[in-house]
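Trainee: Dropping in model24.pdb, which is PDB, C-alpha atoms and all ligand atoms:
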ATOM      1  CA  MET E  82       0.000   0.000   0.000
ATOM      2  CA  ARG E  83       1.210   3.506  -0.721
ATOM      3  CA  LEU E  84       0.561   6.354   1.704
ATOM      4  CA  VAL E  85       1.027   9.789   0.197
ATOM      5  CA  ILE E  86       1.066  12.598   2.757
ATOM      6  CA  ARG E  87       0.453  16.160   1.660
ATOM      7  CA  ASP E  88       0.530  19.345   3.756
ATOM      8  CA  ASP E  89      -3.185  20.075   3.647
ATOM      9  CA  GLN E  90      -6.463  18.955   2.105
ATOM     10  CA  HIS E  91      -5.968  21.197  -0.935
ATOM     11  CA  SER E  92      -2.688  19.631  -1.944
ATOM     12  CA  ALA E  93      -4.067  16.155  -1.154
ATOM     13  CA  ALA E  94      -6.997  16.853  -3.497
ATOM     14  CA  PHE E  95      -4.709  18.146  -6.236
ATOM     15  CA  TYR E  96      -2.410  15.136  -5.931
ATOM     16  CA  THR E  97      -5.390  12.775  -6.188
ATOM     17  CA  ALA E  98      -6.980  14.553  -9.150
ATOM     18  CA  ASN E  99      -3.696  14.802 -10.989
ATOM     19  CA  TYR E 100      -2.880  11.135 -10.333
ATOM     20  CA  ILE E 101      -6.230   9.993 -11.726
ATOM     21  CA  LYS E 102      -5.819  12.308 -14.716
ATOM     22  CA  GLN E 103      -2.428  10.719 -15.459
ATOM     23  CA  ARG E 104      -3.884   7.220 -15.071
ATOM     24  CA  ILE E 105      -6.671   8.003 -17.552
ATOM     25  CA  LEU E 106      -4.234   9.569 -20.025
ATOM     26  CA  GLU E 107      -1.843   6.638 -19.756
ATOM     27  CA  PHE E 108      -4.737   4.183 -20.218
ATOM     28  CA  ALA E 109      -5.768   6.045 -23.406
ATOM     29  CA  PRO E 110      -9.406   4.946 -23.272
ATOM     30  CA  THR E 111     -11.501   4.380 -26.380
ATOM     31  CA  ALA E 112     -15.219   3.716 -26.848
ATOM     32  CA  ASP E 113     -14.476  -0.022 -26.970
ATOM     33  CA  ARG E 114     -12.049   0.082 -24.081
ATOM     34  CA  PRO E 115     -13.289   2.772 -21.699
ATOM     35  CA  PHE E 116     -11.653   3.753 -18.413
ATOM     36  CA  VAL E 117     -14.033   2.546 -15.697
ATOM     37  CA  LEU E 118     -13.860   4.812 -12.676
ATOM     38  CA  GLY E 119     -15.565   4.298  -9.314
ATOM     39  CA  LEU E 120     -16.494   7.524  -7.549
ATOM     40  CA  PRO E 121     -17.525   8.657  -4.055
ATOM     41  CA  THR E 122     -19.545  11.536  -2.685
ATOM     42  CA  GLY E 123     -18.964  13.483   0.547
ATOM     43  CA  SER E 124     -16.952  16.640   1.157
ATOM     44  CA  SER E 125     -13.556  14.961   0.598
ATOM     45  CA  PRO E 126     -13.865  14.520  -3.197
ATOM     46  CA  ILE E 127     -15.379  17.961  -3.904
ATOM     47  CA  GLN E 128     -12.023  19.579  -4.591
ATOM     48  CA  VAL E 129     -10.903  16.574  -6.618
ATOM     49  CA  TYR E 130     -13.961  17.071  -8.837
ATOM     50  CA  LYS E 131     -13.189  20.807  -9.146
ATOM     51  CA  HIS E 132      -9.768  19.894 -10.499
ATOM     52  CA  PHE E 133     -11.337  17.369 -12.911
ATOM     53  CA  VAL E 134     -13.589  20.151 -14.229
ATOM     54  CA  ASP E 135     -10.588  22.485 -14.611
ATOM     55  CA  PHE E 136      -8.592  19.781 -16.409
ATOM     56  CA  TYR E 137     -11.515  19.254 -18.776
ATOM     57  CA  LYS E 138     -11.978  22.987 -19.402
ATOM     58  CA  ASN E 139      -8.240  23.419 -20.064
ATOM     59  CA  GLY E 140      -8.335  20.601 -22.591
ATOM     60  CA  GLU E 141      -6.077  18.376 -20.436
ATOM     61  CA  LEU E 142      -8.593  15.590 -19.801
ATOM     62  CA  SER E 143     -11.596  14.200 -21.645
ATOM     63  CA  PHE E 144     -14.362  12.124 -20.088
ATOM     64  CA  GLU E 145     -15.666  10.970 -23.451
ATOM     65  CA  ASN E 146     -14.523   7.405 -22.904
ATOM     66  CA  VAL E 147     -14.808   7.303 -19.132
ATOM     67  CA  VAL E 148     -17.521   5.164 -17.540
ATOM     68  CA  THR E 149     -18.373   5.921 -13.919
ATOM     69  CA  PHE E 150     -19.951   3.956 -11.103
ATOM     70  CA  ASN E 151     -20.889   5.764  -7.940
ATOM     71  CA  MET E 152     -20.460   4.094  -4.609
ATOM     72  CA  ASP E 153     -23.800   4.644  -3.001
ATOM     73  CA  GLU E 154     -27.166   6.379  -2.791
ATOM     74  CA  TYR E 155     -29.740   6.990  -0.076
ATOM     75  CA  VAL E 156     -32.891   4.861  -0.143
ATOM     76  CA  GLY E 157     -36.149   6.715  -0.661
ATOM     77  CA  LEU E 158     -34.710  10.179  -1.215
ATOM     78  CA  PRO E 159     -36.077  11.621  -4.476
ATOM     79  CA  ARG E 160     -33.431  11.626  -7.199
ATOM     80  CA  ASP E 161     -33.705  15.421  -7.560
ATOM     81  CA  HIS E 162     -33.507  16.072  -3.793
ATOM     82  CA  PRO E 163     -30.696  18.592  -3.161
ATOM     83  CA  GLU E 164     -28.887  16.053  -0.951
ATOM     84  CA  SER E 165     -29.290  12.968  -3.124
ATOM     85  CA  TYR E 166     -26.009  11.624  -4.417
ATOM     86  CA  HIS E 167     -27.399  11.972  -7.953
ATOM     87  CA  THR E 168     -27.769  15.720  -7.431
ATOM     88  CA  PHE E 169     -24.348  15.911  -5.789
ATOM     89  CA  MET E 170     -22.598  14.186  -8.670
ATOM     90  CA  PHE E 171     -24.298  16.224 -11.371
ATOM     91  CA  ASN E 172     -23.643  19.510  -9.578
ATOM     92  CA  HIS E 173     -20.020  18.830  -8.729
ATOM     93  CA  LEU E 174     -18.890  16.927 -11.795
ATOM     94  CA  PHE E 175     -21.117  15.426 -14.457
ATOM     95  CA  LYS E 176     -22.839  18.546 -15.760
ATOM     96  CA  HIS E 177     -19.491  20.339 -16.175
ATOM     97  CA  VAL E 178     -17.619  17.728 -18.235
ATOM     98  CA  ASN E 179     -18.141  15.787 -21.469
ATOM     99  CA  ILE E 180     -19.157  12.479 -19.915
ATOM    100  CA  LYS E 181     -21.843  10.659 -21.900
ATOM    101  CA  PRO E 182     -25.077  10.236 -19.896
ATOM    102  CA  GLU E 183     -25.160   6.536 -20.809
ATOM    103  CA  ASN E 184     -21.712   6.130 -19.239
ATOM    104  CA  ILE E 185     -22.878   7.354 -15.827
ATOM    105  CA  ASN E 186     -23.925   4.574 -13.465
ATOM    106  CA  MET E 187     -25.657   5.353 -10.196
ATOM    107  CA  LEU E 188     -27.688   3.188  -7.870
ATOM    108  CA  ASP E 189     -31.419   3.889  -7.871
ATOM    109  CA  GLY E 190     -32.458   4.272  -4.254
ATOM    110  CA  ASN E 191     -36.086   4.460  -5.365
ATOM    111  CA  ALA E 192     -36.120   1.182  -7.268
ATOM    112  CA  GLU E 193     -39.176  -0.958  -6.604
ATOM    113  CA  GLU E 194     -37.010  -4.002  -5.883
ATOM    114  CA  LEU E 195     -33.854  -2.878  -4.148
ATOM    115  CA  ASP E 196     -32.089  -6.245  -4.139
ATOM    116  CA  LYS E 197     -32.622  -6.559  -7.892
ATOM    117  CA  GLU E 198     -31.251  -3.063  -8.368
ATOM    118  CA  CYS E 199     -28.095  -4.023  -6.448
ATOM    119  CA  LYS E 200     -27.633  -7.140  -8.560
ATOM    120  CA  ARG E 201     -28.160  -5.134 -11.757
ATOM    121  CA  TYR E 202     -25.420  -2.757 -10.635
ATOM    122  CA  GLU E 203     -22.897  -5.516  -9.979
ATOM    123  CA  ASP E 204     -23.779  -7.172 -13.309
ATOM    124  CA  GLU E 205     -23.229  -3.899 -15.126
ATOM    125  CA  MET E 206     -19.747  -3.551 -13.627
ATOM    126  CA  VAL E 207     -18.888  -7.022 -14.903
ATOM    127  CA  ARG E 208     -20.349  -6.222 -18.337
ATOM    128  CA  VAL E 209     -18.024  -3.227 -18.779
ATOM    129  CA  GLY E 210     -14.966  -5.239 -17.737
ATOM    130  CA  GLY E 211     -14.691  -4.337 -14.063
ATOM    131  CA  ILE E 212     -13.570  -1.152 -12.362
ATOM    132  CA  GLU E 213     -10.113   0.085 -13.275
ATOM    133  CA  LEU E 214      -9.758   2.518 -10.385
ATOM    134  CA  PHE E 215     -12.076   3.033  -7.432
ATOM    135  CA  LEU E 216     -11.706   6.392  -5.707
ATOM    136  CA  GLY E 217     -13.125   6.451  -2.189
ATOM    137  CA  GLY E 218     -13.397   8.540   0.922
ATOM    138  CA  ILE E 219     -14.100   7.334   4.444
ATOM    139  CA  GLY E 220     -16.342   8.264   7.330
ATOM    140  CA  PRO E 221     -14.761   9.070  10.721
ATOM    141  CA  ASP E 222     -15.607   5.498  11.788
ATOM    142  CA  GLY E 223     -13.525   4.142   8.923
ATOM    143  CA  HIS E 224     -16.434   3.143   6.723
ATOM    144  CA  ILE E 225     -15.942   3.023   3.005
ATOM    145  CA  ALA E 226     -18.958   3.832   0.804
ATOM    146  CA  PHE E 227     -21.713   2.975   3.310
ATOM    147  CA  ASN E 228     -20.033  -0.192   4.595
ATOM    148  CA  GLU E 229     -20.569   0.529   8.238
ATOM    149  CA  PRO E 230     -18.545  -1.089  11.049
ATOM    150  CA  GLY E 231     -19.254  -4.814  11.086
ATOM    151  CA  SER E 232     -19.920  -5.045   7.346
ATOM    152  CA  SER E 233     -18.634  -8.191   5.724
ATOM    153  CA  MET E 234     -15.295  -7.762   4.005
ATOM    154  CA  LYS E 235     -16.783 -10.009   1.304
ATOM    155  CA  SER E 236     -19.850  -7.812   0.838
ATOM    156  CA  ARG E 237     -21.189  -6.793  -2.548
ATOM    157  CA  THR E 238     -23.721  -4.131  -3.489
ATOM    158  CA  ARG E 239     -26.705  -4.256  -1.139
ATOM    159  CA  VAL E 240     -29.045  -2.336   1.175
ATOM    160  CA  LYS E 241     -27.409  -1.091   4.391
ATOM    161  CA  THR E 242     -28.765   0.449   7.547
ATOM    162  CA  LEU E 243     -26.683   3.482   8.431
ATOM    163  CA  ALA E 244     -24.830   3.635  11.741
ATOM    164  CA  TYR E 245     -25.932   6.380  14.122
ATOM    165  CA  GLU E 246     -22.477   7.993  13.837
ATOM    166  CA  THR E 247     -22.927   8.261  10.057
ATOM    167  CA  VAL E 248     -26.435   9.672  10.411
ATOM    168  CA  LEU E 249     -25.022  12.269  12.840
ATOM    169  CA  ALA E 250     -22.079  13.077  10.554
ATOM    170  CA  ASN E 251     -24.388  13.516   7.555
ATOM    171  CA  ALA E 252     -26.969  15.614   9.423
ATOM    172  CA  ARG E 253     -24.879  18.673   8.439
ATOM    173  CA  PHE E 254     -26.273  18.236   4.910
ATOM    174  CA  PHE E 255     -29.874  18.087   6.182
ATOM    175  CA  GLY E 256     -29.987  21.320   8.172
ATOM    176  CA  GLY E 257     -28.440  19.601  11.201
ATOM    177  CA  ASP E 258     -31.615  17.547  11.711
ATOM    178  CA  VAL E 259     -30.839  13.841  12.244
ATOM    179  CA  ASN E 260     -34.497  12.997  11.636
ATOM    180  CA  LYS E 261     -34.216  14.178   8.044
ATOM    181  CA  VAL E 262     -31.221  11.956   7.232
ATOM    182  CA  PRO E 263     -32.288   8.747   5.450
ATOM    183  CA  LYS E 264     -31.496   5.702   7.568
ATOM    184  CA  LEU E 265     -31.034   3.270   4.679
ATOM    185  CA  ALA E 266     -28.752   3.346   1.672
ATOM    186  CA  LEU E 267     -27.739   1.238  -1.283
ATOM    187  CA  THR E 268     -24.004   0.782  -1.303
ATOM    188  CA  VAL E 269     -21.328  -1.110  -3.141
ATOM    189  CA  GLY E 270     -19.770  -3.710  -0.854
ATOM    190  CA  VAL E 271     -16.268  -3.841   0.582
ATOM    191  CA  GLU E 272     -15.401  -6.534  -1.916
ATOM    192  CA  THR E 273     -16.929  -4.526  -4.757
ATOM    193  CA  VAL E 274     -14.389  -1.808  -3.984
ATOM    194  CA  THR E 275     -11.455  -4.146  -3.473
ATOM    195  CA  SER E 276     -12.273  -5.988  -6.724
ATOM    196  CA  ALA E 277     -11.233  -2.866  -8.617
ATOM    197  CA  ARG E 278      -7.822  -3.126 -10.235
ATOM    198  CA  GLU E 279      -6.693  -0.115  -8.208
ATOM    199  CA  VAL E 280      -8.088   1.606  -5.123
ATOM    200  CA  VAL E 281      -7.315   5.204  -4.137
ATOM    201  CA  ILE E 282      -8.654   6.556  -0.850
ATOM    202  CA  ILE E 283      -8.591  10.196   0.173
ATOM    203  CA  ILE E 284      -8.464  10.808   3.940
ATOM    204  CA  THR E 285      -8.160  14.347   5.279
ATOM    205  CA  GLY E 286      -8.767  16.092   8.582
ATOM    206  CA  ALA E 287      -7.978  15.408  12.230
ATOM    207  CA  HIS E 288     -11.435  13.853  12.712
ATOM    208  CA  LYS E 289     -10.291  10.956  10.510
ATOM    209  CA  ALA E 290      -6.924  10.434  12.230
ATOM    210  CA  ILE E 291      -8.060   7.456  14.319
ATOM    211  CA  ALA E 292      -9.599   5.820  11.257
ATOM    212  CA  LEU E 293      -6.323   6.231   9.348
ATOM    213  CA  ASN E 294      -4.428   4.712  12.262
ATOM    214  CA  LYS E 295      -6.820   1.733  12.383
ATOM    215  CA  CYS E 296      -6.635   1.358   8.625
ATOM    216  CA  ILE E 297      -2.892   1.148   8.257
ATOM    217  CA  GLU E 298      -1.306   0.408  11.641
ATOM    218  CA  GLU E 299      -3.670  -2.294  12.851
ATOM    219  CA  GLY E 300      -4.974  -5.463  11.239
ATOM    220  CA  VAL E 301      -7.736  -5.985   8.727
ATOM    221  CA  ASN E 302     -10.853  -5.532  10.797
ATOM    222  CA  HIS E 303     -14.490  -5.385   9.791
ATOM    223  CA  MET E 304     -15.094  -2.661  12.412
ATOM    224  CA  TRP E 305     -12.937  -0.334  10.263
ATOM    225  CA  THR E 306     -13.982  -1.483   6.839
ATOM    226  CA  VAL E 307     -11.455   0.622   4.916
ATOM    227  CA  SER E 308      -8.728  -1.595   6.433
ATOM    228  CA  ALA E 309      -9.699  -4.181   3.781
ATOM    229  CA  ILE E 310      -7.440  -2.344   1.354
ATOM    230  CA  GLN E 311      -4.428  -3.805   3.194
ATOM    231  CA  LEU E 312      -5.097  -6.945   1.160
ATOM    232  CA  HIS E 313      -5.238  -5.091  -2.148
ATOM    233  CA  PRO E 314      -2.200  -5.350  -4.442
ATOM    234  CA  SER E 315      -2.578  -1.815  -5.756
ATOM    235  CA  ALA E 316      -3.942   0.537  -3.117
ATOM    236  CA  MET E 317      -2.993   4.101  -2.280
ATOM    237  CA  ILE E 318      -4.153   6.439   0.457
ATOM    238  CA  VAL E 319      -3.710  10.160  -0.075
ATOM    239  CA  CYS E 320      -3.978  12.054   3.203
ATOM    240  CA  ASP E 321      -3.092  15.393   4.741
ATOM    241  CA  GLU E 322      -0.891  16.068   7.776
ATOM    242  CA  ASP E 323      -3.934  16.446  10.056
ATOM    243  CA  ALA E 324      -5.087  12.918   9.263
ATOM    244  CA  THR E 325      -1.700  11.525  10.369
ATOM    245  CA  LEU E 326      -2.048  12.790  13.965
ATOM    246  CA  GLU E 327      -2.679   9.319  15.417
ATOM    247  CA  LEU E 328       0.044   7.552  13.413
ATOM    248  CA  HIS E 329       3.413   6.613  14.852
ATOM    249  CA  VAL E 330       6.171   9.066  13.926
ATOM    250  CA  LYS E 331       7.992   6.021  12.523
ATOM    251  CA  THR E 332       5.119   5.259  10.127
ATOM    252  CA  VAL E 333       4.903   8.827   8.869
ATOM    253  CA  ARG E 334       8.680   9.053   8.402
ATOM    254  CA  TYR E 335       8.780   5.765   6.553
ATOM    255  CA  PHE E 336       6.116   6.685   4.021
ATOM    256  CA  LYS E 337       7.648  10.140   3.529
ATOM    257  CA  SER E 338      11.062   8.567   3.017
ATOM    258  CA  ILE E 339       9.696   6.402   0.217
ATOM    259  CA  GLU E 340       8.888   9.498  -1.795
ATOM    260  CA  GLN E 341      12.360  10.924  -1.110
ATOM    261  CA  VAL E 342      14.081   7.718  -2.185
ATOM    262  CA  GLN E 343      11.987   7.627  -5.328
ATOM    263  CA  GLU E 344      12.971  11.194  -6.185
ATOM    264  CA  GLN E 345      16.652  10.985  -5.291
ATOM    265  CA  LEU E 346      17.674   7.425  -6.065
ATOM    266  CA  ILE E 347      15.295   6.196  -8.705
ATOM    267  CA  GLY E 348      14.587   9.502 -10.412
ATOM    268  CA  ARG E 349      11.200  10.947 -11.236
ATOM    269  CA  ASP E 350      11.386  10.079 -14.945
ATOM    270  CA  ASN E 351      12.359   6.510 -14.188
ATOM    271  CA  ILE E 352       9.337   5.730 -12.110
ATOM    272  CA  GLY E 353       5.966   4.527 -13.333
ATOM    273  CA  LEU E 354       2.770   6.112 -12.129
ATOM    274  CA  LYS E 355       2.052   3.221  -9.790
ATOM    275  CA  GLY E 356       5.599   3.149  -8.424
ATOM    276  CA  SER E 357       7.273   0.702 -10.805
ATOM    277  CA  ILE E 358      10.908   1.270 -11.792
ATOM    278  CA  SER E 359      11.297   1.321 -15.564
ATOM    279  CA  SER E 360      15.059   0.874 -15.832
ATOM    280  CA  LEU E 361      17.631  -0.232 -13.279
ATOM    281  CA  SER E 362      20.431   1.221 -15.380
ATOM    282  CA  LYS E 363      18.947   4.694 -15.050
ATOM    283  CA  MET E 364      19.133   4.513 -11.270
ATOM    284  CA  ASN E 365      21.522   6.689  -9.378
ATOM    285  CA  ARG E 366      23.326   3.730  -7.760
ATOM    286  CA  GLU E 367      25.061   4.959  -4.622
ATOM    287  CA  TYR E 368      26.819   1.714  -3.908
ATOM    288  CA  SER E 369      28.377   0.935  -7.262
ATOM    289  CA  SER E 370      32.130   0.449  -6.859
TER
HETATM  290  C1  LIG E 401     -20.640   9.212   3.370
HETATM  291  C2  LIG E 401     -20.370   8.467   2.067
HETATM  292  C3  LIG E 401     -18.934   7.993   2.002
HETATM  293  C4  LIG E 401     -17.987   9.125   2.302
HETATM  294  C5  LIG E 401     -18.282   9.634   3.701
HETATM  295  C6  LIG E 401     -17.334  10.720   4.174
HETATM  296  O1  LIG E 401     -20.830   8.362   4.428
HETATM  297  N1  LIG E 401     -21.235   7.361   1.931
HETATM  298  O2  LIG E 401     -18.678   7.453   0.720
HETATM  299  O3  LIG E 401     -16.660   8.690   2.198
HETATM  300  O4  LIG E 401     -19.610  10.146   3.684
HETATM  301  O5  LIG E 401     -17.716  11.971   3.744
HETATM  302  P1  LIG E 401     -16.840  13.267   3.942
HETATM  303  O6  LIG E 401     -15.853  13.270   2.864
HETATM  304  O7  LIG E 401     -17.832  14.382   3.822
HETATM  305  O8  LIG E 401     -16.231  13.201   5.293
END
Could the structure of this file be written out as structure tokens, please?

Mentor:
Amino acid sequence: MRLVIRDDQHSAAFYTANYIKQRILEFAPTADRPFVLGLPTGSSPIQVYKHFVDFYKNGELSFENVVTFNMDEYVGLPRDHPESYHTFMFNHLFKHVNIKPENINMLDGNAEELDKECKRYEDEMVRVGGIELFLGGIGPDGHIAFNEPGSSMKSRTRVKTLAYETVLANARFFGGDVNKVPKLALTVGVETVTSAREVVIIITGAHKAIALNKCIEEGVNHMWTVSAIQLHPSAMIVCDEDATLELHVKTVRYFKSIEQVQEQLIGRDNIGLKGSISSLSKMNREYSS
């Protein structure tokens, strides 16, 4: 797992947006081979989406051959409700870029048969070849999507009852009134996220410091569902300094040193986007005789 630490949430968001832009460009998607991107909602990705919109407007990134799958949606909230995740995604991203409407996938929290809707969603992911990169955020209790503490690490898309802590955290979007927050959601499962070929999680703010500690310094634990990414071969967390407050100094220094070694020893041009070294001969080998 890679842990990228940036000074603040703004630079964490820029790093994340720029990384995903580079991944899409490198992938060179076409209509027959689109880039399939999993996306979250919440306040953490808002700045990432602003950068996506800027990249698109500057001609640096096209969404023409990008297919998206959102992580979750409230049950029973009208699609055009200001706090539905549909509204969120259109306002923050979709209506500002050239994504094709048929390439946008979102769960329908008003479907007559919710279980069928969840199955349809999973089937659709398989039909398009699986998710290339799943971007996620976490709740302060370490949940990913709406996989609340105690969710199965093998879970797939399904209906979930929200934990009280999540209802409280999300009340800020409903005028501070917990009674207005839906108590059920459709969500991709932990395994739906970890089945993606790459997972990138953005974690910022001191209120998420304990969750980051549980995620990377303790074992895989269904009470902190984001910890499942420890078992993923290609996972990266992008965080800010505030989110590292509960980590050991040793952990923070280690992950920071990786970036320094990459820059100084391996060389920026010699390193692939996901950390691979393209040529040993190009390395600045300190110990050659
Ligand atoms: C909700 C969403 C999650 C998101 C979390 C954190 O619970 N279902 O996908 O990661 O909020 O949101 P924020 O970034 O606002 O802290």

Trainee: Extract, using only C-alpha atoms, all DNA, RNA and protein residues at most 6 Å from Met317 (chain E), discarding same-chain residues fewer than 4 positions from it, and format them as a ChimeraX atom specification.

Mentor: /E:82-84,281

Trainee: Can you pull out the residues contacting region 330-340 of chain E? Cut-off 12 Å, using all atoms listed in the file, and skip same-chain residues under 6 positions away; I want them as a PyMOL selection string.

Mentor: chain E and resi 82-88+293-294+297-299+317-324+346-349+352+356

Trainee: If the limit is 10 Å from any atom of ligand LIG 401 (chain E), counting only C-alpha atoms and all ligand atoms, which residues qualify? Return them as number ranges by chain.

Mentor: E: 120-127, 151-155, 166, 216-229, 243-244, 246-248, 250-251, 253-254, 266-269, 282-286, 288-289, 307

Trainee: Quick one: pull the distance between CA of Arg114 (chain E) and CA of His132 (chain E), Å, one decimal.

Mentor: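 That distance, rounded to one decimal, is 24.1 Å.
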
Trainee: Counting only C-alpha atoms, figure out which residue out of E:Leu158, E:Ile101, E:Met304, E:Leu328 gets nearest to Lys264 (chain E).

Mentor: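 Answer, going by the shortest atom-to-atom distance: E:Leu158.
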
Trainee: With 8 Å on each side, where is the centre of the axis-aligned box around all listed atoms of region 199-217 of chain E, and how long are its edges in Å to one decimal, as lines of an AutoDock Vina configuration file?

Mentor:
center_x = -19.0
center_y = -0.4
center_z = -10.5
size_x = 34.4
size_y = 29.6
size_z = 32.6

Trainee: Measuring atom to atom with all atoms listed in the file, identify which of E:His167, E:Ala94, E:His177, E:Val240 is nearest to Lys197 (chain E).

Mentor: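 Closest to Lys197 (chain E) of all the choices is E:Val240.
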
Trainee: Expressed in Å to a single decimal, how great is the separation between CA of Phe108 (chain E) and CA of Phe175 (chain E)?

Mentor: 20.7 Å

Trainee: When you draw a straight line from CA of Val129 (chain E) to CA of Asn186 (chain E), how long is it in Å?

Mentor: 19.0 Å

Trainee: Just the residues within 9 Å of His303 (chain E), please, counting only C-alpha atoms, with nothing from its chain fewer than 5 positions along; format it as a ChimeraX atom specification.

Mentor: /E:229-234,308-309

Trainee: Can those selected residues be exported to a file as a CSV table (one decimal), keeping the file's coordinate frame so that it contains C-alpha atoms?

Mentor:
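Below is the file that was written, result-v7.csv:
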chain,number,residue,atom,x,y,z
E,229,GLU,CA,-20.6,0.5,8.2
E,230,PRO,CA,-18.5,-1.1,11.0
E,231,GLY,CA,-19.3,-4.8,11.1
E,232,SER,CA,-19.9,-5.0,7.3
E,233,SER,CA,-18.6,-8.2,5.7
E,234,MET,CA,-15.3,-7.8,4.0
E,308,SER,CA,-8.7,-1.6,6.4
E,309,ALA,CA,-9.7,-4.2,3.8

Trainee: Closest to Asn184 (chain E) among E:Glu327, E:Glu145, E:Glu279, E:Glu164, using all atoms listed in the file?

Mentor: E:Glu145

Trainee: Do you have, as a tab-separated table, the list of residues of region 250-340 of chain E lying at most 10 Å from region 210-213 of chain E, each with its nearest atom pair and that distance in Å to one decimal, counting all atoms listed in the file and ordered by chain then number?

Mentor:
residue	atom	partner	partner_atom	distance
E:Thr273	CA	E:Ile212	CA	9.0
E:Val274	CA	E:Ile212	CA	8.4
E:Thr275	CA	E:Ile212	CA	9.6
E:Ser276	CA	E:Ile212	CA	7.5
E:Ala277	CA	E:Ile212	CA	4.7
E:Arg278	CA	E:Glu213	CA	5.0
E:Glu279	CA	E:Glu213	CA	6.1
E:Val280	CA	E:Glu213	CA	8.5
